[in-house]
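Raw contents of target22.cif, mmCIF, C-alpha atoms:
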data_start
loop_
_atom_site.group_PDB
_atom_site.id
_atom_site.type_symbol
_atom_site.label_atom_id
_atom_site.label_comp_id
_atom_site.auth_asym_id
_atom_site.auth_seq_id
_atom_site.Cartn_x
_atom_site.Cartn_y
_atom_site.Cartn_z
ATOM 1 C CA MET A 1236 0.000 0.000 0.000
ATOM 2 C CA THR A 1237 1.393 3.324 -1.027
ATOM 3 C CA ASN A 1238 1.896 6.282 1.258
ATOM 4 C CA THR A 1239 -0.997 8.070 -0.450
ATOM 5 C CA TRP A 1240 -3.471 5.367 0.474
ATOM 6 C CA ARG A 1241 -2.161 5.182 4.020
ATOM 7 C CA THR A 1242 -2.614 8.905 4.438
ATOM 8 C CA ALA A 1243 -6.184 8.752 3.083
ATOM 9 C CA LEU A 1244 -7.164 5.942 5.457
ATOM 10 C CA LEU A 1245 -5.661 7.821 8.420
ATOM 11 C CA LEU A 1246 -7.678 10.948 7.556
ATOM 12 C CA ILE A 1247 -10.896 8.926 7.251
ATOM 13 C CA ALA A 1248 -10.270 7.310 10.668
ATOM 14 C CA LEU A 1249 -9.582 10.665 12.300
ATOM 15 C CA CYS A 1250 -12.796 12.134 10.851
ATOM 16 C CA GLY A 1251 -14.823 9.243 12.274
ATOM 17 C CA ILE A 1252 -13.298 9.633 15.718
ATOM 18 C CA SER A 1253 -13.908 13.419 15.716
ATOM 19 C CA ARG A 1254 -17.533 12.976 14.663
ATOM 20 C CA HIS A 1255 -18.101 10.490 17.487
ATOM 21 C CA VAL A 1256 -16.515 12.786 20.097
ATOM 22 C CA VAL A 1257 -18.571 15.769 18.911
ATOM 23 C CA ALA A 1258 -21.780 13.713 18.984
ATOM 24 C CA GLN A 1259 -21.116 12.601 22.562
ATOM 25 C CA THR A 1260 -20.326 16.174 23.667
ATOM 26 C CA VAL A 1261 -23.532 17.531 22.139
ATOM 27 C CA SER A 1262 -25.537 14.698 23.680
ATOM 28 C CA ARG A 1263 -24.128 15.423 27.143
ATOM 29 C CA SER A 1264 -24.745 19.154 26.764
ATOM 30 C CA THR A 1265 -28.348 18.468 25.734
ATOM 31 C CA ASP A 1266 -28.893 16.202 28.755
ATOM 32 C CA THR A 1267 -27.442 18.881 31.046
ATOM 33 C CA VAL A 1268 -29.777 21.517 29.608
ATOM 34 C CA LYS A 1269 -32.753 19.173 29.923
ATOM 35 C CA LYS A 1270 -31.905 18.441 33.526
ATOM 36 C CA ALA A 1271 -31.281 22.106 34.386
ATOM 37 C CA THR A 1272 -34.401 23.430 32.693
ATOM 38 C CA PRO A 1273 -36.959 22.241 35.295
ATOM 39 C CA TYR A 1274 -34.980 23.875 38.134
ATOM 40 C CA ALA A 1275 -34.557 27.090 36.209
ATOM 41 C CA MET A 1276 -38.322 27.314 35.655
ATOM 42 C CA VAL A 1277 -39.203 26.890 39.377
ATOM 43 C CA LYS A 1278 -40.361 30.214 40.839
ATOM 44 C CA PRO A 1279 -38.811 31.276 44.152
ATOM 45 C CA LYS A 1280 -41.092 30.902 47.176
ATOM 46 C CA GLY A 1281 -42.520 34.113 48.613
ATOM 47 C CA PRO A 1282 -42.658 34.994 52.335
ATOM 48 C CA LYS A 1283 -45.095 33.111 54.527
ATOM 49 C CA PRO A 1284 -48.446 34.883 54.990
ATOM 50 C CA ILE A 1285 -48.881 36.632 58.331
ATOM 51 C CA LYS A 1286 -51.650 34.869 60.239
ATOM 52 C CA HIS A 1287 -51.093 35.488 63.985
ATOM 53 C CA GLU A 1288 -50.777 38.439 66.318
ATOM 54 C CA VAL A 1289 -50.348 39.141 70.022
ATOM 55 C CA SER A 1290 -50.596 42.514 71.752
ATOM 56 C CA VAL A 1291 -50.845 44.150 75.170
ATOM 57 C CA GLY A 1292 -52.521 47.395 76.113
ATOM 58 C CA PHE A 1293 -53.930 49.790 78.687
ATOM 59 C CA ARG A 1294 -57.477 51.162 78.857
ATOM 60 C CA LEU A 1295 -58.985 54.150 80.607
ATOM 61 C CA ASN A 1296 -62.666 53.610 81.384
ATOM 62 C CA THR A 1297 -65.271 56.086 82.539
ATOM 63 C CA ASN A 1298 -65.375 54.075 85.769
ATOM 64 C CA GLY A 1299 -61.797 52.869 86.186
ATOM 65 C CA TRP A 1300 -58.848 51.350 84.346
ATOM 66 C CA SER A 1301 -57.668 48.000 82.971
ATOM 67 C CA ILE A 1302 -54.715 46.231 81.381
ATOM 68 C CA TYR A 1303 -55.259 43.555 78.756
ATOM 69 C CA SER A 1304 -53.790 41.250 76.142
ATOM 70 C CA ASP A 1305 -55.218 40.168 72.774
ATOM 71 C CA ILE A 1306 -54.253 37.032 70.837
ATOM 72 C CA GLY A 1307 -55.482 37.050 67.240
ATOM 73 C CA LYS A 1308 -55.606 34.736 64.248
ATOM 74 C CA ALA A 1309 -56.482 35.899 60.742
ATOM 75 C CA LYS A 1310 -59.406 34.017 59.196
ATOM 76 C CA THR A 1311 -60.052 34.108 55.438
ATOM 77 C CA LYS A 1312 -60.246 31.705 52.495
ATOM 78 C CA ASP A 1313 -58.215 34.137 50.380
ATOM 79 C CA MET A 1314 -54.667 33.110 51.324
ATOM 80 C CA LYS A 1315 -53.251 35.769 48.977
ATOM 81 C CA HIS A 1316 -54.628 38.533 51.196
ATOM 82 C CA ILE A 1317 -54.677 36.799 54.581
ATOM 83 C CA ASP A 1318 -51.997 39.094 55.975
ATOM 84 C CA MET A 1319 -54.147 42.147 55.196
ATOM 85 C CA PHE A 1320 -55.998 41.211 58.407
ATOM 86 C CA HIS A 1321 -59.492 41.803 57.028
ATOM 87 C CA SER A 1322 -60.982 39.319 59.516
ATOM 88 C CA VAL A 1323 -59.393 38.313 62.816
ATOM 89 C CA ARG A 1324 -60.637 36.054 65.585
ATOM 90 C CA ILE A 1325 -59.390 37.301 68.937
ATOM 91 C CA TYR A 1326 -58.965 35.854 72.420
ATOM 92 C CA GLN A 1327 -58.731 38.353 75.270
ATOM 93 C CA ILE A 1328 -57.694 38.477 78.892
ATOM 94 C CA GLU A 1329 -58.202 41.660 80.918
ATOM 95 C CA PHE A 1330 -57.753 42.783 84.508
ATOM 96 C CA GLY A 1331 -58.920 46.096 85.932
ATOM 97 C CA GLU A 1332 -60.520 48.055 88.740
ATOM 98 C CA LYS A 1333 -63.915 49.728 88.784
ATOM 99 C CA LYS A 1334 -64.444 52.980 90.630
ATOM 100 C CA ASP A 1335 -67.495 55.050 91.390
ATOM 101 C CA PRO A 1336 -67.532 58.421 89.587
ATOM 102 C CA LYS A 1337 -68.230 60.097 92.943
ATOM 103 C CA GLU A 1338 -65.027 58.847 94.565
ATOM 104 C CA TYR A 1339 -62.633 61.516 95.776
ATOM 105 C CA LYS A 1340 -59.593 61.463 98.040
ATOM 106 C CA SER A 1341 -59.732 63.182 101.393
ATOM 107 C CA THR A 1342 -56.842 63.990 103.711
ATOM 108 C CA ALA A 1343 -56.812 63.238 107.434
ATOM 109 C CA ASP A 1344 -54.512 64.845 110.002
ATOM 110 C CA ASN A 1345 -53.358 62.074 112.340
ATOM 111 C CA GLY A 1346 -51.046 64.213 114.479
ATOM 112 C CA SER A 1347 -47.789 62.924 112.989
ATOM 113 C CA GLY A 1348 -48.572 63.742 109.400
ATOM 114 C CA THR A 1349 -51.336 63.355 106.850
ATOM 115 C CA ASN A 1350 -52.894 60.265 105.356
ATOM 116 C CA THR A 1351 -55.334 60.013 102.454
ATOM 117 C CA TYR A 1352 -58.488 57.950 102.162
ATOM 118 C CA ILE A 1353 -61.592 57.765 99.983
ATOM 119 C CA TYR A 1354 -64.555 59.001 101.929
ATOM 120 C CA GLY A 1355 -67.589 56.698 101.796
ATOM 121 C CA LYS A 1356 -65.873 53.868 99.914
ATOM 122 C CA VAL A 1357 -66.919 50.474 101.282
ATOM 123 C CA ASN A 1358 -65.408 48.056 98.740
ATOM 124 C CA ASN A 1359 -62.644 47.814 96.165
ATOM 125 C CA PHE A 1360 -63.960 46.065 93.073
ATOM 126 C CA TYR A 1361 -61.569 44.339 90.661
ATOM 127 C CA VAL A 1362 -62.488 42.377 87.538
ATOM 128 C CA LEU A 1363 -60.811 39.560 85.627
ATOM 129 C CA LYS A 1364 -62.317 38.993 82.175
ATOM 130 C CA LEU A 1365 -61.849 36.278 79.567
ATOM 131 C CA GLY A 1366 -63.301 36.927 76.125
ATOM 132 C CA TYR A 1367 -63.636 35.721 72.567
ATOM 133 C CA GLY A 1368 -64.494 37.950 69.646
ATOM 134 C CA TYR A 1369 -64.158 39.068 66.067
ATOM 135 C CA ARG A 1370 -62.450 42.024 64.404
ATOM 136 C CA LYS A 1371 -63.616 43.022 60.920
ATOM 137 C CA LEU A 1372 -61.941 45.505 58.555
ATOM 138 C CA LEU A 1373 -64.222 48.439 57.686
ATOM 139 C CA VAL A 1374 -61.996 50.990 55.941
ATOM 140 C CA GLY A 1375 -58.414 51.031 54.692
ATOM 141 C CA LYS A 1376 -55.769 48.356 54.827
ATOM 142 C CA PRO A 1377 -52.564 47.971 56.851
ATOM 143 C CA ASP A 1378 -50.174 49.169 54.134
ATOM 144 C CA PRO A 1379 -47.260 51.431 55.094
ATOM 145 C CA GLY A 1380 -48.417 54.979 55.712
ATOM 146 C CA THR A 1381 -52.133 54.191 55.963
ATOM 147 C CA VAL A 1382 -54.607 53.764 58.833
ATOM 148 C CA SER A 1383 -57.097 50.910 58.881
ATOM 149 C CA ILE A 1384 -60.367 51.010 60.834
ATOM 150 C CA HIS A 1385 -61.896 47.818 62.219
ATOM 151 C CA TRP A 1386 -65.080 46.941 64.079
ATOM 152 C CA VAL A 1387 -64.596 44.745 67.165
ATOM 153 C CA ASN A 1388 -67.205 42.688 69.008
ATOM 154 C CA ALA A 1389 -66.224 40.443 71.899
ATOM 155 C CA GLY A 1390 -67.664 38.945 75.059
ATOM 156 C CA GLY A 1391 -67.294 36.207 77.606
ATOM 157 C CA PHE A 1392 -66.823 35.388 81.290
ATOM 158 C CA ALA A 1393 -66.167 38.002 83.982
ATOM 159 C CA LEU A 1394 -65.047 37.316 87.535
ATOM 160 C CA GLY A 1395 -65.521 40.108 90.056
ATOM 161 C CA LEU A 1396 -63.244 40.361 93.104
ATOM 162 C CA LEU A 1397 -64.808 42.331 95.953
ATOM 163 C CA LYS A 1398 -62.472 43.475 98.764
ATOM 164 C CA PRO A 1399 -63.658 45.388 101.863
ATOM 165 C CA TYR A 1400 -62.185 48.882 102.236
ATOM 166 C CA TYR A 1401 -60.749 49.507 105.723
ATOM 167 C CA LEU A 1402 -60.187 52.771 107.609
ATOM 168 C CA ASN A 1403 -58.157 53.609 110.682
ATOM 169 C CA VAL A 1404 -60.183 55.644 113.207
ATOM 170 C CA TYR A 1405 -59.399 57.230 116.596
ATOM 171 C CA SER A 1406 -62.307 55.474 118.285
ATOM 172 C CA ASP A 1407 -61.113 51.940 117.473
ATOM 173 C CA PRO A 1408 -57.602 50.471 117.943
ATOM 174 C CA THR A 1409 -58.140 48.197 114.943
ATOM 175 C CA ALA A 1410 -59.070 49.186 111.401
ATOM 176 C CA ILE A 1411 -62.774 49.047 110.616
ATOM 177 C CA LYS A 1412 -64.839 48.293 107.536
ATOM 178 C CA TYR A 1413 -68.345 49.469 106.733
ATOM 179 C CA THR A 1414 -71.070 47.563 108.634
ATOM 180 C CA ASP A 1415 -74.279 48.486 110.404
ATOM 181 C CA ASN A 1416 -72.323 48.638 113.705
ATOM 182 C CA THR A 1417 -69.421 50.759 112.427
ATOM 183 C CA LYS A 1418 -71.076 53.009 109.839
ATOM 184 C CA VAL A 1419 -71.326 55.997 112.212
ATOM 185 C CA ASP A 1420 -67.552 56.146 112.767
ATOM 186 C CA PHE A 1421 -66.835 54.993 109.208
ATOM 187 C CA LEU A 1422 -68.618 58.078 107.827
ATOM 188 C CA ASN A 1423 -67.436 60.504 110.545
ATOM 189 C CA GLN A 1424 -64.571 62.469 109.044
ATOM 190 C CA GLY A 1425 -63.707 63.872 112.476
ATOM 191 C CA VAL A 1426 -62.425 60.487 113.720
ATOM 192 C CA ILE A 1427 -60.915 59.066 110.508
ATOM 193 C CA GLU A 1428 -57.120 58.753 110.548
ATOM 194 C CA GLY A 1429 -56.770 57.451 107.010
ATOM 195 C CA SER A 1430 -56.840 54.330 104.864
ATOM 196 C CA ALA A 1431 -55.649 51.083 106.446
ATOM 197 C CA GLY A 1432 -53.785 50.128 103.263
ATOM 198 C CA PHE A 1433 -54.320 47.811 100.318
ATOM 199 C CA SER A 1434 -53.360 44.578 102.072
ATOM 200 C CA LYS A 1435 -56.037 44.986 104.736
ATOM 201 C CA GLY A 1436 -59.073 42.950 103.651
ATOM 202 C CA LEU A 1437 -57.348 40.688 101.113
ATOM 203 C CA SER A 1438 -58.225 37.627 103.203
ATOM 204 C CA GLU A 1439 -61.910 38.577 102.835
ATOM 205 C CA LEU A 1440 -62.039 38.621 99.048
ATOM 206 C CA LYS A 1441 -65.397 37.592 97.590
ATOM 207 C CA PHE A 1442 -65.675 36.188 94.064
ATOM 208 C CA VAL A 1443 -68.674 37.216 92.004
ATOM 209 C CA PRO A 1444 -69.166 35.579 88.560
ATOM 210 C CA GLY A 1445 -70.664 37.456 85.646
ATOM 211 C CA PHE A 1446 -70.592 38.165 81.916
ATOM 212 C CA HIS A 1447 -69.314 40.971 79.716
ATOM 213 C CA PHE A 1448 -69.682 42.280 76.158
ATOM 214 C CA LYS A 1449 -67.918 45.059 74.287
ATOM 215 C CA SER A 1450 -68.283 46.745 70.903
ATOM 216 C CA ALA A 1451 -65.584 49.103 69.660
ATOM 217 C CA LEU A 1452 -63.752 50.716 66.767
ATOM 218 C CA HIS A 1453 -60.117 49.702 66.390
ATOM 219 C CA PHE A 1454 -57.660 52.028 64.595
ATOM 220 C CA ASP A 1455 -54.434 50.393 63.374
ATOM 221 C CA PHE A 1456 -51.636 52.977 62.885
ATOM 222 C CA SER A 1457 -48.779 50.545 62.260
ATOM 223 C CA ALA A 1458 -46.480 51.357 59.310
ATOM 224 C CA ASN A 1459 -45.318 47.722 59.243
ATOM 225 C CA ARG A 1460 -47.646 44.744 58.826
ATOM 226 C CA LYS A 1461 -45.606 42.817 61.401
ATOM 227 C CA ASN A 1462 -46.259 45.374 64.145
ATOM 228 C CA VAL A 1463 -49.408 46.255 66.059
ATOM 229 C CA ILE A 1464 -49.865 49.901 67.051
ATOM 230 C CA GLY A 1465 -53.513 50.555 67.728
ATOM 231 C CA VAL A 1466 -56.083 52.699 69.478
ATOM 232 C CA GLU A 1467 -59.451 51.257 70.446
ATOM 233 C CA THR A 1468 -62.550 53.078 71.691
ATOM 234 C CA GLY A 1469 -66.037 51.826 72.401
ATOM 235 C CA VAL A 1470 -68.561 50.687 75.001
ATOM 236 C CA ASN A 1471 -68.423 47.835 77.516
ATOM 237 C CA LEU A 1472 -71.327 46.161 79.351
ATOM 238 C CA GLU A 1473 -71.112 43.828 82.353
ATOM 239 C CA TYR A 1474 -73.573 41.879 84.480
ATOM 240 C CA TYR A 1475 -72.837 40.086 87.777
ATOM 241 C CA THR A 1476 -74.866 37.494 89.629
ATOM 242 C CA THR A 1477 -74.718 39.518 92.880
ATOM 243 C CA PRO A 1478 -75.262 43.297 93.183
ATOM 244 C CA ILE A 1479 -71.999 45.174 93.768
ATOM 245 C CA GLN A 1480 -71.709 48.086 96.204
ATOM 246 C CA ILE A 1481 -68.682 50.374 95.993
ATOM 247 C CA MET A 1482 -69.859 53.487 97.895
ATOM 248 C CA ALA A 1483 -71.898 53.698 101.098
ATOM 249 C CA ASN A 1484 -74.214 56.372 99.708
ATOM 250 C CA GLU A 1485 -74.854 54.510 96.431
ATOM 251 C CA SER A 1486 -77.162 51.539 95.823
ATOM 252 C CA ALA A 1487 -75.668 48.176 94.934
ATOM 253 C CA THR A 1488 -76.078 47.161 91.297
ATOM 254 C CA PRO A 1489 -75.302 44.062 89.204
ATOM 255 C CA TYR A 1490 -74.973 46.145 85.995
ATOM 256 C CA PHE A 1491 -72.063 48.228 84.750
ATOM 257 C CA ALA A 1492 -71.864 50.214 81.520
ATOM 258 C CA GLU A 1493 -68.813 52.230 80.524
ATOM 259 C CA LEU A 1494 -67.079 54.016 77.680
ATOM 260 C CA PHE A 1495 -63.388 53.368 77.161
ATOM 261 C CA ILE A 1496 -60.332 54.267 75.124
ATOM 262 C CA GLY A 1497 -57.201 52.151 74.996
ATOM 263 C CA VAL A 1498 -53.806 51.864 73.343
ATOM 264 C CA GLN A 1499 -52.074 48.628 72.409
ATOM 265 C CA VAL A 1500 -48.791 47.436 70.890
ATOM 266 C CA GLY A 1501 -47.717 44.019 69.696
ATOM 267 C CA LYS A 1502 -46.344 41.737 66.972
ATOM 268 C CA ARG A 1503 -47.649 39.745 64.004
ATOM 269 C CA TRP A 1504 -46.102 36.685 62.390
#
Represent the supplied structure as structure tokens.
Amino acid sequence: MTNTWRTALLLIALCGISRHVVAQTVSRSTDTVKKATPYAMVKPKGPKPIKHEVSVGFRLNTNGWSIYSDIGKAKTKDMKHIDMFHSVRIYQIEFGEKKDPKEYKSTADNGSGTNTYIYGKVNNFYVLKLGYGYRKLLVGKPDPGTVSIHWVNAGGFALGLLKPYYLNVYSDPTAIKYTDNTKVDFLNQGVIEGSAGFSKGLSELKFVPGFHFKSALHFDFSANRKNVIGVETGVNLEYYTTPIQIMANESATPYFAELFIGVQVGKRW
């Protein structure tokens, strides 16, 4: 075989090998693209919708004060807008004190200084309330820079805690509370030395069960959907199974109605 034929055969062999290598490279590249394509088409996951909130607050009532905490959960079938908090189910716990509008502090001169007391007060009345309710968006939405207005309705169990109010008087070496036997001295400002202090009467606490209901407008001022900054104002109604007497010159009543305004702060997640 001549050199010319040998050269031709060598060229043919090299062409075949090159074609095979190129075909394998293209095939591998195609497989890589096919495998990579599904991952490239997957959309990145967005943030989880905000569905829960917890907050604490303070209320001033027309007949006292209270501190409270709300736990909320957003309820809607539209998961896309669940964190807009259009509808929220809320659980509440609240503790406060009720005062008679006619209460005022007086000052007694006991010889070694002055001491204050509330003239005519016969009982301290504290309330622990557990409630369940619903908050519904009326106007606006909690976007940055906007204010949303919600309507709140809630109610549940109320437990009244009635504590006798004691006074120190010149005519008795021990502190006295209001009874038929002591009411003359109890209401005689000339013999009153002052209040006996908060701890006096704690062992005589009486528990009075009842119910409560409130309806209010809730204003959400938060600039961030993950924060709660709100103001709430409305009316609260309560009923107790036993009439409650706070002042000696006022009739006992099982009903309480009050207006309130409160502020609250908290978190959503």
Check your understanding: From the list A:Gly1307, A:Gly1391, A:Gly1436, A:Pro1399, which residue is nearest Arg1370 (chain A) when using only C-alpha atoms?
Key ->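 Counting only C-alpha atoms, the residue closest to Arg1370 (chain A) is A:Gly1307.
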Exercise for review: Could you give me, as a ChimeraX atom specification, the residues that sit within 6 Å of (-59.9, 48.4, 65.5) in the file's coordinates, counting all atoms listed in the file?
Suggested key: /A:1384-1386,1452-1454,1467
What box, with edges along x, y and z, holds each listed atom of region 1336-1343 of chain A when 5 Å is added on every side, and can you state its centre and edge lengths in Å to one decimal, as AutoDock Vina command-line options?
--center_x -62.5 --center_y 61.2 --center_z 98.5 --size_x 21.4 --size_y 15.6 --size_z 27.8
Check your understanding: On this structure, which residues satisfy the PyMOL selection byres ((chain A and resi 1494) around 9), written as a list in words?
Key ->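 Applied to this file, the PyMOL selection byres ((chain A and resi 1494) around 9) returns Leu1295, Asn1296, Thr1297, Asn1298, Thr1468, Gly1469, Val1470, Asn1471, Ala1492, Glu1493, Phe1495 and Ile1496 of chain A.
When CA of Gly1390 (chain A) is paired with CA of Val1498 (chain A), their separation reads 19.0 Å.
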Review point. Could you write out as an MDAnalysis selection string the residues that the PyMOL selection byres ((chain A and resi 1327) around 10) matches in the shown file?
Key: chainID A and resid 1289:1291 1303:1307 1325:1326 1328:1329 1364:1368 1389:1391
Point to revise | Separation of CA of Ala1393 (chain A) from CA of Leu1472 (chain A) in Å | key: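 Atom-to-atom, CA of Leu1472 (chain A) and CA of Ala1393 (chain A) are spaced 10.7 Å apart.
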Study note, to complete from the structure: From the list A:Lys1435, A:Arg1503, A:His1447, A:Lys1418, the nearest residue to Arg1460 (chain A) using only C-alpha atoms is A:Arg1503
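For the file at hand, the PyMOL selection byres ((chain A and resi 1439) around 12) resolves to Asn1358, Asn1359, Leu1396, Leu1397, Lys1398, Pro1399, Tyr1400, Tyr1401, Lys1412, Ser1434, Lys1435, Gly1436, Leu1437, Ser1438, Leu1440, Lys1441 and Phe1442 of chain A.
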Review point. If you count all atoms listed in the file, which residues fall within 7 Å of Val1463 (chain A), apart from same-chain ones fewer than 5 positions away, as a VMD selection string?
Key: chain A and resid 1290 1457 1500 to 1502
**Study point:** Neighbour list for Asp1407 (chain A) as a count of residues only, cut-off 10 Å, all atoms listed in the file, skip fewer than 6 positions in-chain
**Key:** 4
